[in-house]
$ cat work-v5.cif   # mmCIF, C-alpha atoms and all ligand atoms
data_coords
loop_
_atom_site.label_atom_id
_atom_site.label_comp_id
_atom_site.auth_asym_id
_atom_site.auth_seq_id
_atom_site.Cartn_x
_atom_site.Cartn_y
_atom_site.Cartn_z
CA MET A 311 60.71 -241.39 -152.34
CA ARG A 312 62.56 -244.53 -151.31
CA ILE A 313 60.69 -247.51 -149.86
CA LEU A 314 61.96 -250.71 -148.27
CA SER A 315 59.28 -253.42 -148.49
CA ILE A 316 58.87 -256.72 -146.67
CA GLU A 317 56.59 -259.64 -147.55
CA THR A 318 56.24 -262.75 -145.33
CA SER A 319 52.53 -263.60 -145.55
CA CYS A 320 52.96 -267.16 -146.79
CA ASP A 321 55.89 -269.15 -148.09
CA GLU A 322 58.16 -266.53 -149.66
CA THR A 323 60.53 -264.33 -147.71
CA ALA A 324 60.87 -261.23 -149.87
CA ILE A 325 62.42 -257.78 -149.52
CA ALA A 326 62.70 -255.00 -152.09
CA VAL A 327 64.06 -251.46 -152.23
CA LEU A 328 62.21 -249.14 -154.61
CA ASP A 329 62.48 -245.54 -155.69
CA ALA A 330 58.96 -244.28 -156.35
CA ASP A 331 57.89 -241.25 -158.32
CA LEU A 332 54.15 -240.67 -157.87
CA LYS A 333 52.54 -238.31 -160.32
CA GLY A 334 49.06 -238.12 -158.79
CA GLY A 335 46.12 -240.52 -159.20
CA THR A 336 47.44 -243.93 -160.14
CA ALA A 337 50.19 -242.66 -162.47
CA SER A 338 53.62 -243.50 -161.15
CA ARG A 339 57.08 -244.81 -161.99
CA PHE A 340 59.30 -247.08 -159.95
CA ALA A 341 62.95 -248.05 -160.09
CA VAL A 342 63.71 -251.40 -158.46
CA LEU A 343 67.03 -250.92 -156.70
CA GLY A 344 67.05 -254.26 -154.92
CA ASN A 345 64.76 -257.28 -155.00
CA ALA A 346 65.54 -260.47 -153.09
CA LEU A 347 63.24 -263.44 -152.60
CA LEU A 348 63.65 -266.81 -150.98
CA SER A 349 60.95 -269.36 -151.70
CA GLN A 350 60.21 -272.06 -149.12
CA ILE A 351 58.38 -274.25 -151.65
CA ASP A 352 60.93 -277.08 -151.53
CA ILE A 353 60.53 -277.35 -147.76
CA HIS A 354 56.72 -277.26 -147.84
CA LYS A 355 56.62 -279.77 -150.71
CA GLU A 356 57.73 -282.49 -148.30
CA TYR A 357 54.63 -281.86 -146.17
CA GLY A 358 52.28 -281.41 -149.14
CA GLY A 359 51.28 -277.92 -147.99
CA VAL A 360 52.37 -274.91 -145.95
CA PHE A 361 52.56 -275.35 -142.17
CA PRO A 362 52.44 -271.95 -140.44
CA ALA A 363 55.03 -272.87 -137.78
CA VAL A 364 57.48 -274.08 -140.43
CA ALA A 365 56.87 -270.95 -142.54
CA LYS A 366 57.53 -268.77 -139.48
CA ARG A 367 60.77 -270.62 -138.66
CA GLU A 368 62.02 -270.19 -142.23
CA HIS A 369 61.18 -266.46 -142.32
CA VAL A 370 63.07 -265.95 -139.05
CA LYS A 371 66.07 -267.77 -140.49
CA HIS A 372 66.14 -265.95 -143.82
CA LEU A 373 64.98 -262.35 -143.30
CA VAL A 374 68.40 -260.91 -142.51
CA PRO A 375 70.23 -262.70 -145.38
CA VAL A 376 67.45 -261.63 -147.77
CA LEU A 377 67.70 -258.04 -146.50
CA ARG A 378 71.46 -258.12 -146.95
CA GLN A 379 71.03 -259.37 -150.53
CA ALA A 380 68.50 -256.64 -151.39
CA PHE A 381 70.80 -254.03 -149.85
CA THR A 382 73.82 -255.31 -151.75
CA GLN A 383 71.90 -255.05 -155.03
CA ALA A 384 70.81 -251.53 -154.09
CA GLY A 385 74.36 -250.54 -153.20
CA LEU A 386 73.32 -249.84 -149.62
CA THR A 387 75.75 -252.12 -147.82
CA VAL A 388 78.21 -249.45 -146.94
CA GLU A 389 80.82 -250.78 -144.55
CA ALA A 390 80.23 -248.57 -141.58
CA THR A 391 79.45 -248.90 -137.96
CA GLN A 392 76.19 -247.75 -136.52
CA GLU A 393 76.37 -247.29 -132.80
CA VAL A 394 73.41 -249.14 -131.37
CA SER A 395 72.84 -248.03 -127.81
CA ALA A 396 72.39 -250.60 -125.07
CA GLU A 397 68.86 -249.31 -124.54
CA LEU A 398 67.93 -249.78 -128.22
CA ARG A 399 69.52 -253.24 -128.26
CA GLN A 400 67.36 -254.14 -125.30
CA ARG A 401 64.14 -252.87 -126.94
CA ILE A 402 64.85 -254.72 -130.19
CA THR A 403 65.71 -257.92 -128.32
CA GLU A 404 62.44 -257.68 -126.37
CA LEU A 405 60.42 -256.94 -129.52
CA LEU A 406 61.84 -259.99 -131.31
CA VAL A 407 61.66 -262.34 -128.33
CA ARG A 408 59.42 -264.84 -130.17
CA GLU A 409 61.54 -264.74 -133.34
CA GLU A 410 64.41 -266.75 -131.96
CA GLY A 411 67.81 -265.59 -133.20
CA LEU A 412 66.44 -262.76 -135.35
CA ALA A 413 67.43 -259.91 -132.99
CA GLU A 414 71.04 -261.15 -132.85
CA GLN A 415 71.23 -261.43 -136.64
CA LEU A 416 69.70 -257.99 -137.11
CA LEU A 417 71.96 -256.29 -134.58
CA ALA A 418 74.99 -257.93 -136.21
CA LEU A 419 73.85 -256.56 -139.60
CA ALA A 420 73.14 -253.11 -138.13
CA THR A 421 76.73 -252.66 -137.10
CA THR A 422 77.97 -253.29 -140.64
CA VAL A 423 75.67 -251.07 -142.69
CA GLU A 424 75.15 -247.36 -142.63
CA PRO A 425 71.53 -246.45 -141.74
CA PRO A 426 69.91 -246.15 -145.18
CA THR A 427 67.94 -243.12 -146.32
CA LEU A 428 64.38 -244.36 -146.54
CA ASP A 429 61.00 -242.65 -146.55
CA ALA A 430 59.12 -245.68 -145.26
CA ILE A 431 59.26 -249.38 -144.51
CA ALA A 432 56.25 -251.06 -146.12
CA VAL A 433 55.23 -254.39 -144.63
CA THR A 434 52.45 -256.88 -145.33
CA HIS A 435 50.31 -257.05 -142.18
CA GLY A 436 47.62 -259.37 -143.60
CA PRO A 437 45.91 -261.40 -144.86
CA GLY A 438 47.93 -264.62 -144.71
CA LEU A 439 49.37 -267.04 -142.18
CA GLU A 440 49.41 -265.12 -138.94
CA PRO A 441 52.66 -266.54 -137.45
CA ALA A 442 54.40 -265.80 -140.76
CA LEU A 443 52.95 -262.28 -140.96
CA TRP A 444 54.10 -261.49 -137.40
CA VAL A 445 57.74 -262.15 -138.32
CA GLY A 446 57.63 -259.52 -141.07
CA VAL A 447 55.66 -257.04 -138.94
CA ASN A 448 58.03 -257.35 -135.96
CA PHE A 449 61.05 -257.15 -138.25
CA ALA A 450 59.67 -253.94 -139.79
CA LYS A 451 59.13 -252.49 -136.31
CA ALA A 452 62.70 -253.36 -135.32
CA LEU A 453 64.11 -251.72 -138.47
CA SER A 454 61.93 -248.70 -137.79
CA MET A 455 63.42 -248.34 -134.30
CA LEU A 456 66.92 -248.93 -135.56
CA TRP A 457 66.84 -246.43 -138.41
CA ASN A 458 64.08 -244.11 -137.27
CA VAL A 459 61.93 -244.64 -140.37
CA PRO A 460 58.10 -244.87 -140.29
CA VAL A 461 56.28 -248.13 -141.06
CA VAL A 462 53.46 -248.26 -143.55
CA PRO A 463 51.25 -251.37 -143.27
CA VAL A 464 50.11 -252.91 -146.56
CA ASN A 465 47.26 -255.30 -147.30
CA HIS A 466 48.70 -258.21 -149.31
CA MET A 467 45.71 -258.24 -151.68
CA GLU A 468 46.19 -254.56 -152.47
CA GLY A 469 49.73 -255.57 -153.42
CA HIS A 470 48.26 -258.03 -155.94
CA VAL A 471 46.04 -255.26 -157.37
CA CYS A 472 49.11 -253.04 -157.82
CA ALA A 473 51.06 -255.92 -159.41
CA ALA A 474 48.30 -256.33 -162.01
CA LEU A 475 48.41 -252.64 -162.95
CA THR A 476 52.22 -252.51 -163.13
CA ARG A 477 53.93 -252.44 -166.52
CA ILE A 478 57.54 -253.40 -167.06
CA GLU A 479 59.22 -250.67 -169.11
CA SER A 480 61.73 -251.43 -171.84
CA GLU A 481 64.53 -249.82 -169.84
CA GLY A 482 63.77 -252.06 -166.86
CA GLY A 483 61.82 -249.64 -164.68
CA LEU A 484 58.22 -250.15 -163.69
CA SER A 485 55.21 -247.92 -164.18
CA ILE A 486 51.52 -247.72 -163.47
CA PRO A 487 49.53 -245.63 -165.97
CA GLU A 488 46.62 -243.38 -165.12
CA ILE A 489 43.77 -245.89 -165.16
CA SER A 490 40.08 -245.41 -165.87
CA LEU A 491 37.89 -245.87 -162.81
CA PRO A 492 35.92 -247.68 -161.57
CA LEU A 493 38.48 -250.46 -161.26
CA LEU A 494 37.22 -253.99 -160.66
CA SER A 495 39.77 -256.48 -159.31
CA LEU A 496 39.34 -260.23 -159.43
CA LEU A 497 41.69 -261.51 -156.73
CA ILE A 498 42.38 -265.22 -156.97
CA SER A 499 44.91 -266.98 -154.77
CA GLY A 500 45.35 -269.86 -152.36
CA GLY A 501 43.25 -268.10 -149.73
CA HIS A 502 41.08 -265.68 -151.71
CA THR A 503 38.53 -265.49 -154.47
CA GLU A 504 36.99 -262.05 -154.47
CA LEU A 505 35.66 -259.30 -156.68
CA VAL A 506 36.55 -255.89 -155.31
CA LEU A 507 35.40 -252.57 -156.74
CA SER A 508 37.41 -249.36 -156.48
CA LYS A 509 35.30 -246.34 -157.38
CA GLU A 510 38.22 -244.21 -156.19
CA TRP A 511 41.87 -245.20 -156.25
CA GLY A 512 42.69 -246.71 -152.85
CA SER A 513 39.12 -247.48 -151.80
CA TYR A 514 37.69 -250.99 -151.94
CA GLU A 515 34.16 -252.41 -151.88
CA LEU A 516 33.53 -256.14 -151.85
CA MET A 517 31.16 -257.21 -154.65
CA GLY A 518 31.50 -260.96 -154.32
CA ALA A 519 33.58 -263.68 -152.71
CA THR A 520 33.77 -267.41 -152.39
CA ARG A 521 31.32 -268.94 -149.97
CA ASP A 522 33.61 -271.91 -149.31
CA ASP A 523 36.99 -272.80 -150.88
CA ALA A 524 39.27 -270.33 -152.64
CA VAL A 525 39.92 -271.22 -156.28
CA GLY A 526 43.66 -271.75 -155.63
CA GLU A 527 42.78 -274.10 -152.79
CA ALA A 528 40.54 -276.06 -155.20
CA PHE A 529 43.43 -276.26 -157.71
CA ASP A 530 45.74 -277.51 -154.96
CA LYS A 531 43.23 -280.12 -153.71
CA VAL A 532 42.44 -281.40 -157.20
CA ALA A 533 46.18 -281.68 -157.81
CA ARG A 534 46.50 -283.82 -154.71
CA MET A 535 43.63 -286.09 -155.85
CA LEU A 536 45.50 -286.57 -159.12
CA GLY A 537 48.72 -287.40 -157.27
CA LEU A 538 50.49 -284.18 -158.28
CA PRO A 539 52.95 -282.33 -156.01
CA TYR A 540 52.40 -279.07 -154.09
CA PRO A 541 51.73 -276.32 -155.17
CA GLY A 542 49.19 -277.96 -157.40
CA GLY A 543 47.93 -275.06 -159.53
CA PRO A 544 50.78 -275.03 -162.06
CA GLU A 545 50.75 -278.87 -162.23
CA VAL A 546 47.02 -279.06 -162.99
CA SER A 547 47.52 -276.34 -165.58
CA LYS A 548 50.32 -278.27 -167.27
CA LEU A 549 48.17 -281.42 -167.63
CA ALA A 550 45.19 -279.43 -168.89
CA GLU A 551 47.27 -277.64 -171.52
CA GLN A 552 48.74 -280.96 -172.70
CA ALA A 553 45.21 -282.33 -173.08
CA ARG A 554 44.02 -279.31 -175.07
CA ALA A 555 47.02 -279.59 -177.37
CA SER A 556 46.25 -283.28 -178.08
CA GLY A 557 43.29 -282.39 -180.30
CA ARG A 558 41.00 -284.97 -178.66
CA VAL A 559 37.51 -284.23 -177.39
CA ASN A 560 37.10 -284.13 -173.62
CA LEU A 561 34.41 -286.54 -172.48
CA VAL A 562 34.67 -285.36 -168.86
CA THR A 563 32.31 -282.59 -167.79
CA LEU A 564 32.14 -280.97 -164.40
CA PRO A 565 29.58 -278.65 -162.78
CA ARG A 566 29.87 -274.86 -162.77
CA PRO A 567 28.46 -274.01 -159.32
CA MET A 568 26.34 -270.84 -158.96
CA ILE A 569 27.18 -269.75 -162.52
CA ASN A 570 23.67 -268.48 -163.21
CA ASP A 571 22.79 -267.24 -159.72
CA PRO A 572 21.99 -263.53 -159.59
CA HIS A 573 24.95 -262.48 -157.41
CA CYS A 574 28.73 -262.24 -157.69
CA ASP A 575 29.64 -264.91 -155.13
CA PHE A 576 31.51 -268.10 -155.95
CA SER A 577 31.54 -271.68 -154.69
CA PHE A 578 34.32 -274.12 -155.46
CA SER A 579 33.79 -276.90 -152.93
CA GLY A 580 31.10 -278.61 -155.05
CA LEU A 581 33.41 -278.60 -158.05
CA LYS A 582 36.20 -280.09 -155.96
CA THR A 583 33.85 -282.75 -154.57
CA ALA A 584 32.68 -283.63 -158.09
CA VAL A 585 36.33 -284.32 -158.98
CA LEU A 586 36.71 -286.40 -155.82
CA TYR A 587 33.74 -288.65 -156.75
CA MET A 588 35.13 -289.02 -160.24
CA VAL A 589 38.58 -290.19 -159.16
CA LYS A 590 37.85 -291.90 -155.82
CA GLY A 591 39.12 -295.49 -155.60
CA ARG A 592 40.19 -295.55 -159.25
CA GLU A 593 43.61 -295.88 -160.81
CA LEU A 594 43.55 -293.19 -163.51
CA SER A 595 45.62 -293.36 -166.68
CA ASN A 596 47.66 -290.31 -167.64
CA THR A 597 45.11 -289.43 -170.32
CA GLU A 598 42.28 -289.62 -167.81
CA LYS A 599 44.19 -287.39 -165.39
CA GLU A 600 44.76 -284.86 -168.14
CA ASP A 601 41.06 -284.89 -169.03
CA VAL A 602 40.02 -284.30 -165.41
CA ALA A 603 42.51 -281.42 -165.07
CA TRP A 604 41.22 -279.96 -168.35
CA ALA A 605 37.54 -280.22 -167.30
CA PHE A 606 38.30 -278.76 -163.87
CA GLU A 607 40.18 -275.81 -165.32
CA ASP A 608 37.45 -275.13 -167.89
CA ALA A 609 34.78 -275.14 -165.17
CA ALA A 610 36.81 -272.87 -162.86
CA ALA A 611 37.61 -270.38 -165.64
CA ASP A 612 33.97 -270.30 -166.84
CA VAL A 613 32.67 -269.51 -163.36
CA LEU A 614 35.35 -266.89 -162.69
CA TYR A 615 34.62 -265.17 -165.98
CA ALA A 616 30.80 -265.32 -165.68
CA LYS A 617 30.82 -263.79 -162.19
CA THR A 618 33.33 -261.12 -163.19
CA LEU A 619 31.18 -260.21 -166.20
CA ARG A 620 28.17 -259.87 -163.93
CA ALA A 621 30.18 -257.57 -161.62
CA ILE A 622 31.42 -255.48 -164.58
CA GLU A 623 27.95 -255.03 -165.94
CA SER A 624 26.40 -254.10 -162.62
CA SER A 625 29.19 -251.71 -161.58
CA GLY A 626 30.13 -250.00 -164.84
CA ALA A 627 33.79 -250.85 -164.26
CA ARG A 628 36.17 -249.53 -166.93
CA THR A 629 39.31 -251.36 -165.90
CA LEU A 630 39.55 -255.01 -164.86
CA ALA A 631 42.59 -256.24 -162.92
CA LEU A 632 43.38 -259.93 -162.36
CA GLY A 633 45.60 -260.56 -159.38
CA GLY A 634 46.89 -263.30 -157.07
CA GLY A 635 48.80 -266.52 -157.70
CA VAL A 636 46.02 -268.16 -159.74
CA SER A 637 46.16 -265.30 -162.26
CA ALA A 638 49.34 -267.01 -163.51
CA ASN A 639 47.08 -269.66 -165.02
CA THR A 640 47.39 -269.73 -168.81
CA HIS A 641 43.82 -270.85 -169.48
CA ILE A 642 42.30 -268.27 -167.14
CA ARG A 643 44.38 -265.49 -168.72
CA ARG A 644 43.35 -266.63 -172.20
CA THR A 645 39.66 -266.93 -171.25
CA PHE A 646 39.56 -263.38 -169.88
CA THR A 647 41.62 -261.86 -172.69
CA GLU A 648 39.59 -263.44 -175.50
CA ARG A 649 36.10 -263.16 -174.05
CA LEU A 650 36.51 -259.63 -172.73
CA ALA A 651 37.94 -258.37 -176.04
CA GLU A 652 34.89 -259.77 -177.78
CA LYS A 653 32.21 -258.73 -175.29
CA HIS A 654 33.62 -255.49 -173.82
CA PRO A 655 36.50 -254.19 -175.96
CA GLU A 656 36.14 -250.81 -174.19
CA ILE A 657 37.32 -252.28 -170.88
CA SER A 658 41.05 -252.41 -170.33
CA LEU A 659 42.29 -255.65 -168.85
CA ALA A 660 45.32 -255.54 -166.56
CA ILE A 661 47.11 -258.84 -165.98
CA PRO A 662 50.32 -259.03 -163.93
CA ALA A 663 53.62 -259.78 -165.63
CA ALA A 664 54.74 -263.34 -164.88
CA SER A 665 57.45 -262.13 -162.49
CA LEU A 666 54.92 -260.16 -160.43
CA THR A 667 52.11 -262.73 -160.35
CA THR A 668 53.23 -264.79 -157.38
CA ASP A 669 54.03 -263.28 -154.00
CA ASN A 670 56.86 -260.73 -154.03
CA ALA A 671 57.99 -257.61 -152.19
CA ILE A 672 57.90 -255.26 -155.21
CA MET A 673 54.10 -255.19 -155.19
CA ILE A 674 54.12 -254.44 -151.45
CA GLY A 675 56.55 -251.57 -152.02
CA ILE A 676 54.37 -250.17 -154.82
CA ALA A 677 51.20 -250.28 -152.70
CA GLY A 678 53.21 -248.88 -149.79
CA ALA A 679 54.38 -245.92 -151.88
CA TYR A 680 50.80 -244.68 -152.36
CA HIS A 681 50.17 -244.97 -148.61
CA THR A 682 53.46 -243.21 -147.87
CA ALA A 683 52.41 -240.31 -150.11
CA ARG A 684 49.27 -240.02 -147.95
CA GLU A 685 51.43 -240.36 -144.81
CA GLU A 686 49.44 -243.36 -143.59
CA PHE A 687 52.05 -244.43 -141.09
CA ALA A 688 51.48 -246.97 -138.34
CA ASP A 689 51.56 -246.42 -134.63
CA LEU A 690 54.18 -249.10 -133.89
CA ALA A 691 52.70 -250.09 -130.55
CA ALA A 692 49.28 -250.69 -132.13
CA LEU A 693 50.43 -252.35 -135.37
CA LYS A 694 49.38 -256.01 -135.55
CA ALA A 695 49.49 -258.86 -138.01
CA ASP A 696 45.97 -259.90 -139.03
CA GLY A 697 45.59 -263.21 -140.85
CA ASN A 698 42.03 -262.33 -141.93
CA LEU A 699 42.59 -258.70 -142.84
CA ALA A 700 39.92 -257.66 -145.36
CA LEU A 701 40.42 -255.38 -148.34
CA ARG A 702 37.64 -252.84 -147.94
CA ASP A 703 37.01 -249.43 -146.48
O1 LIG A 801 49.02 -265.35 -154.36
P1 LIG A 801 49.71 -266.64 -154.07
O2 LIG A 801 51.13 -266.83 -154.56
O3 LIG A 801 49.71 -266.91 -152.53
C1 LIG A 801 48.60 -266.58 -151.76
O4 LIG A 801 48.52 -265.38 -151.38
O5 LIG A 801 47.75 -267.50 -151.56
O6 LIG A 801 48.78 -267.81 -154.66
C2 LIG A 801 49.10 -269.18 -154.51
C3 LIG A 801 48.05 -270.03 -155.21
C4 LIG A 801 48.23 -271.52 -154.97
O7 LIG A 801 46.97 -272.08 -154.66
C5 LIG A 801 48.74 -272.04 -156.32
O8 LIG A 801 48.40 -273.38 -156.59
C6 LIG A 801 48.05 -271.09 -157.27
O9 LIG A 801 48.15 -269.83 -156.63
N1 LIG A 801 48.70 -271.03 -158.58
C7 LIG A 801 48.10 -271.43 -159.73
C8 LIG A 801 49.04 -271.27 -160.75
N2 LIG A 801 50.19 -270.76 -160.21
C9 LIG A 801 49.96 -270.61 -158.88
N3 LIG A 801 46.85 -271.92 -159.94
C10 LIG A 801 46.54 -272.24 -161.20
N4 LIG A 801 47.39 -272.13 -162.25
C11 LIG A 801 48.64 -271.65 -162.08
N5 LIG A 801 49.47 -271.54 -163.13
ZN ZN A 802 49.44 -263.67 -152.70
#
$ encode --input "work-v5.cif" --output "structure tokens" --more "lines below"
Ligand code: KG4
Ligand code: ZN
Amino acid sequence: MRILSIETSCDETAIAVLDADLKGGTASRFAVLGNALLSQIDIHKEYGGVFPAVAKREHVKHLVPVLRQAFTQAGLTVEATQEVSAELRQRITELLVREEGLAEQLLALATTVEPPTLDAIAVTHGPGLEPALWVGVNFAKALSMLWNVPVVPVNHMEGHVCAALTRIESEGGLSIPEISLPLLSLLISGGHTELVLSKEWGSYELMGATRDDAVGEAFDKVARMLGLPYPGGPEVSKLAEQARASGRVNLVTLPRPMINDPHCDFSFSGLKTAVLYMVKGRELSNTEKEDVAWAFEDAAADVLYAKTLRAIESSGARTLALGGGVSANTHIRRTFTERLAEKHPEISLAIPAASLTTDNAIMIGIAGAYHTAREEFADLAALKADGNLALRD
């Protein structure tokens, strides 16, 4: 089956075209025909964070060029004229009334490409920044009307789970093997820190979550306290890795909130506040900054691992997936790889390839393919963006 996928939940505008071959269960293969992504990071850097209205404006501006790029890669930009009736033009213009200029761009594109053969249009409908999500959702609806293809809504966090399970094949294709269930997923991003259990493929039960800040948010705030640019996670990681490589002993220690509590929830605001008290009103040297970043990262990784271990042992999980932007973190990857191999070598650990760790449309297309196989298509009139969409049954 062929899937067009759209991701606009935060600060990347991404579109992919995939051919999916599902073999039952989780086993599947994918060919990436087109994959285009435009990051807004340089724009948001100026503001020190992502503003939803700015993200929305940028998605509106870039969706059609990104679609055109993905189509060109996929060889789908056939010079041809699709007749778009006046009535359909009117409906698409009304649908995209709040996405200024998008209807005009889309209708201009529609008259230059042949309607593609697609089985579904997969779109992220949550969680994320609601104004940003709406752009993708409305764009998917407009494409659906234009080409008469069903829309399959995808939860962004399920996309991250799929990204973790995906392997890049030597010949460039992608595959997901048949995995052993139950699957436990630790989802760590700018907005999420959760442990989700899948007893069956496609079903999700929440085992634990942060009670305050998400771990990515804590990374970003600590980065700001240390005077590092947005997004802070990779910057904090760089300093911490430099400090570890120096061979010195770290004299900074930070708390590990809730680490021994008998549940799988997390708390990161106390850790963040401990950093704030440590750096407040002081001019830190580079070495001191590195040591704070190092201590923060150690504390965050220890808590993430301890809570995940608790969830593994209470659920009998046989596969552990790490997903979300923070799973790019070198120290967190190393902590999980080393400690799990020692403590539970029978559990297979799935970590996303670097190219699939941060937000992208490939993971949305992969998740969308499983839903398409089950014909879980949306009623367009009822389909909504939901900034707080949860990943559970
Ligand atoms: O999944 P993602 O790209 O977007 C959301 O859905 O939130 O995650 C973004 C988060 C940001 O907080 C960013 O600072 C963090 O992931 N991040 C990292 C690293 N790379 C990205 N945090 C720690 N270490 C990294 N290497
Ligand atoms: Zn994400």
$ closest_residue --input "work-v5.cif" --among "A:Leu412, A:Leu632, A:Ile351, A:Val462" --to "Leu693 of chain A" --atoms "all atoms listed in the file"
A:Val462
$ residues_near_ligand --input "work-v5.cif" --ligand "ligand LIG 801 (chain A)" --cutoff "9 Å" --atoms "all atoms listed in the file" --output "PyMOL selection string"
chain A and resi 319-322+437-438+466-467+470+497-502+524-531+533+540-548+607+633-642+667-670
$ write_last_selection --input "work-v5.cif" --atoms "C-alpha atoms" --output "PDB file, in the frame of the given file"
ATOM      1  CA  SER A 319      52.530-263.600-145.550  1.00  0.00           C
ATOM      2  CA  CYS A 320      52.960-267.160-146.790  1.00  0.00           C
ATOM      3  CA  ASP A 321      55.890-269.150-148.090  1.00  0.00           C
ATOM      4  CA  GLU A 322      58.160-266.530-149.660  1.00  0.00           C
ATOM      5  CA  PRO A 437      45.910-261.400-144.860  1.00  0.00           C
ATOM      6  CA  GLY A 438      47.930-264.620-144.710  1.00  0.00           C
ATOM      7  CA  HIS A 466      48.700-258.210-149.310  1.00  0.00           C
ATOM      8  CA  MET A 467      45.710-258.240-151.680  1.00  0.00           C
ATOM      9  CA  HIS A 470      48.260-258.030-155.940  1.00  0.00           C
ATOM     10  CA  LEU A 497      41.690-261.510-156.730  1.00  0.00           C
ATOM     11  CA  ILE A 498      42.380-265.220-156.970  1.00  0.00           C
ATOM     12  CA  SER A 499      44.910-266.980-154.770  1.00  0.00           C
ATOM     13  CA  GLY A 500      45.350-269.860-152.360  1.00  0.00           C
ATOM     14  CA  GLY A 501      43.250-268.100-149.730  1.00  0.00           C
ATOM     15  CA  HIS A 502      41.080-265.680-151.710  1.00  0.00           C
ATOM     16  CA  ALA A 524      39.270-270.330-152.640  1.00  0.00           C
ATOM     17  CA  VAL A 525      39.920-271.220-156.280  1.00  0.00           C
ATOM     18  CA  GLY A 526      43.660-271.750-155.630  1.00  0.00           C
ATOM     19  CA  GLU A 527      42.780-274.100-152.790  1.00  0.00           C
ATOM     20  CA  ALA A 528      40.540-276.060-155.200  1.00  0.00           C
ATOM     21  CA  PHE A 529      43.430-276.260-157.710  1.00  0.00           C
ATOM     22  CA  ASP A 530      45.740-277.510-154.960  1.00  0.00           C
ATOM     23  CA  LYS A 531      43.230-280.120-153.710  1.00  0.00           C
ATOM     24  CA  ALA A 533      46.180-281.680-157.810  1.00  0.00           C
ATOM     25  CA  TYR A 540      52.400-279.070-154.090  1.00  0.00           C
ATOM     26  CA  PRO A 541      51.730-276.320-155.170  1.00  0.00           C
ATOM     27  CA  GLY A 542      49.190-277.960-157.400  1.00  0.00           C
ATOM     28  CA  GLY A 543      47.930-275.060-159.530  1.00  0.00           C
ATOM     29  CA  PRO A 544      50.780-275.030-162.060  1.00  0.00           C
ATOM     30  CA  GLU A 545      50.750-278.870-162.230  1.00  0.00           C
ATOM     31  CA  VAL A 546      47.020-279.060-162.990  1.00  0.00           C
ATOM     32  CA  SER A 547      47.520-276.340-165.580  1.00  0.00           C
ATOM     33  CA  LYS A 548      50.320-278.270-167.270  1.00  0.00           C
ATOM     34  CA  GLU A 607      40.180-275.810-165.320  1.00  0.00           C
ATOM     35  CA  GLY A 633      45.600-260.560-159.380  1.00  0.00           C
ATOM     36  CA  GLY A 634      46.890-263.300-157.070  1.00  0.00           C
ATOM     37  CA  GLY A 635      48.800-266.520-157.700  1.00  0.00           C
ATOM     38  CA  VAL A 636      46.020-268.160-159.740  1.00  0.00           C
ATOM     39  CA  SER A 637      46.160-265.300-162.260  1.00  0.00           C
ATOM     40  CA  ALA A 638      49.340-267.010-163.510  1.00  0.00           C
ATOM     41  CA  ASN A 639      47.080-269.660-165.020  1.00  0.00           C
ATOM     42  CA  THR A 640      47.390-269.730-168.810  1.00  0.00           C
ATOM     43  CA  HIS A 641      43.820-270.850-169.480  1.00  0.00           C
ATOM     44  CA  ILE A 642      42.300-268.270-167.140  1.00  0.00           C
ATOM     45  CA  THR A 667      52.110-262.730-160.350  1.00  0.00           C
ATOM     46  CA  THR A 668      53.230-264.790-157.380  1.00  0.00           C
ATOM     47  CA  ASP A 669      54.030-263.280-154.000  1.00  0.00           C
ATOM     48  CA  ASN A 670      56.860-260.730-154.030  1.00  0.00           C
TER      49      ASN A 670
END
$ residues_around --input "work-v5.cif" --residues "segment 671-675 of chain A" --least-positions-apart "4" --cutoff "6 Å" --atoms "only C-alpha atoms" --output "VMD selection string"
chain A and resid 315 to 317 324 to 326 432 469 473
$ atom_distance --input "work-v5.cif" --atom1 "atom CA of Leu428 of chain A" --atom2 "atom CA of Asn458 of chain A"
9.3 Å
$ atom_distance --input "work-v5.cif" --atom1 "atom CA of Ala384 of chain A" --atom2 "atom CA of Thr422 of chain A"
15.3 Å
$ residues_around --input "work-v5.cif" --residues "His681 of chain A" --least-positions-apart "3" --cutoff "9 Å" --atoms "all atoms listed in the file" --output "list in words"
Ala432, Val462, Pro463, Val464, Gly512, Ala677, Gly678, Arg684, Glu685, Glu686 and Phe687 of chain A
$ closest_residue --input "work-v5.cif" --among "A:Leu386, A:Val532, A:Leu347, A:Val445" --to "Glu410 of chain A" --atoms "all atoms listed in the file"
A:Val445
$ atom_distance --input "work-v5.cif" --atom1 "atom CA of Gly359 of chain A" --atom2 "atom CA of Pro441 of chain A"
15.6 Å
$ decode --input "work-v5.cif" --residues "segment 429-433 of chain A" --atoms "N, CA and C atoms" --output "mmCIF file, in the first residue's frame"
data_model
loop_
_atom_site.group_PDB
_atom_site.id
_atom_site.type_symbol
_atom_site.label_atom_id
_atom_site.label_comp_id
_atom_site.auth_asym_id
_atom_site.auth_seq_id
_atom_site.Cartn_x
_atom_site.Cartn_y
_atom_site.Cartn_z
ATOM 1 N N ASP A 429 -3.201 4.926 -0.893
ATOM 2 C CA ASP A 429 -4.201 4.177 -0.134
ATOM 3 C C ASP A 429 -4.718 4.975 1.049
ATOM 4 N N ALA A 430 -3.871 5.887 1.548
ATOM 5 C CA ALA A 430 -4.314 6.727 2.674
ATOM 6 C C ALA A 430 -3.392 7.922 2.828
ATOM 7 N N ILE A 431 -3.931 8.945 3.478
ATOM 8 C CA ILE A 431 -3.136 10.103 3.897
ATOM 9 C C ILE A 431 -3.085 10.028 5.415
ATOM 10 N N ALA A 432 -1.886 9.790 5.952
ATOM 11 C CA ALA A 432 -1.726 9.694 7.410
ATOM 12 C C ALA A 432 -1.337 11.071 7.921
ATOM 13 N N VAL A 433 -1.978 11.511 8.991
ATOM 14 C CA VAL A 433 -1.645 12.837 9.529
ATOM 15 C C VAL A 433 -1.613 12.796 11.053
#
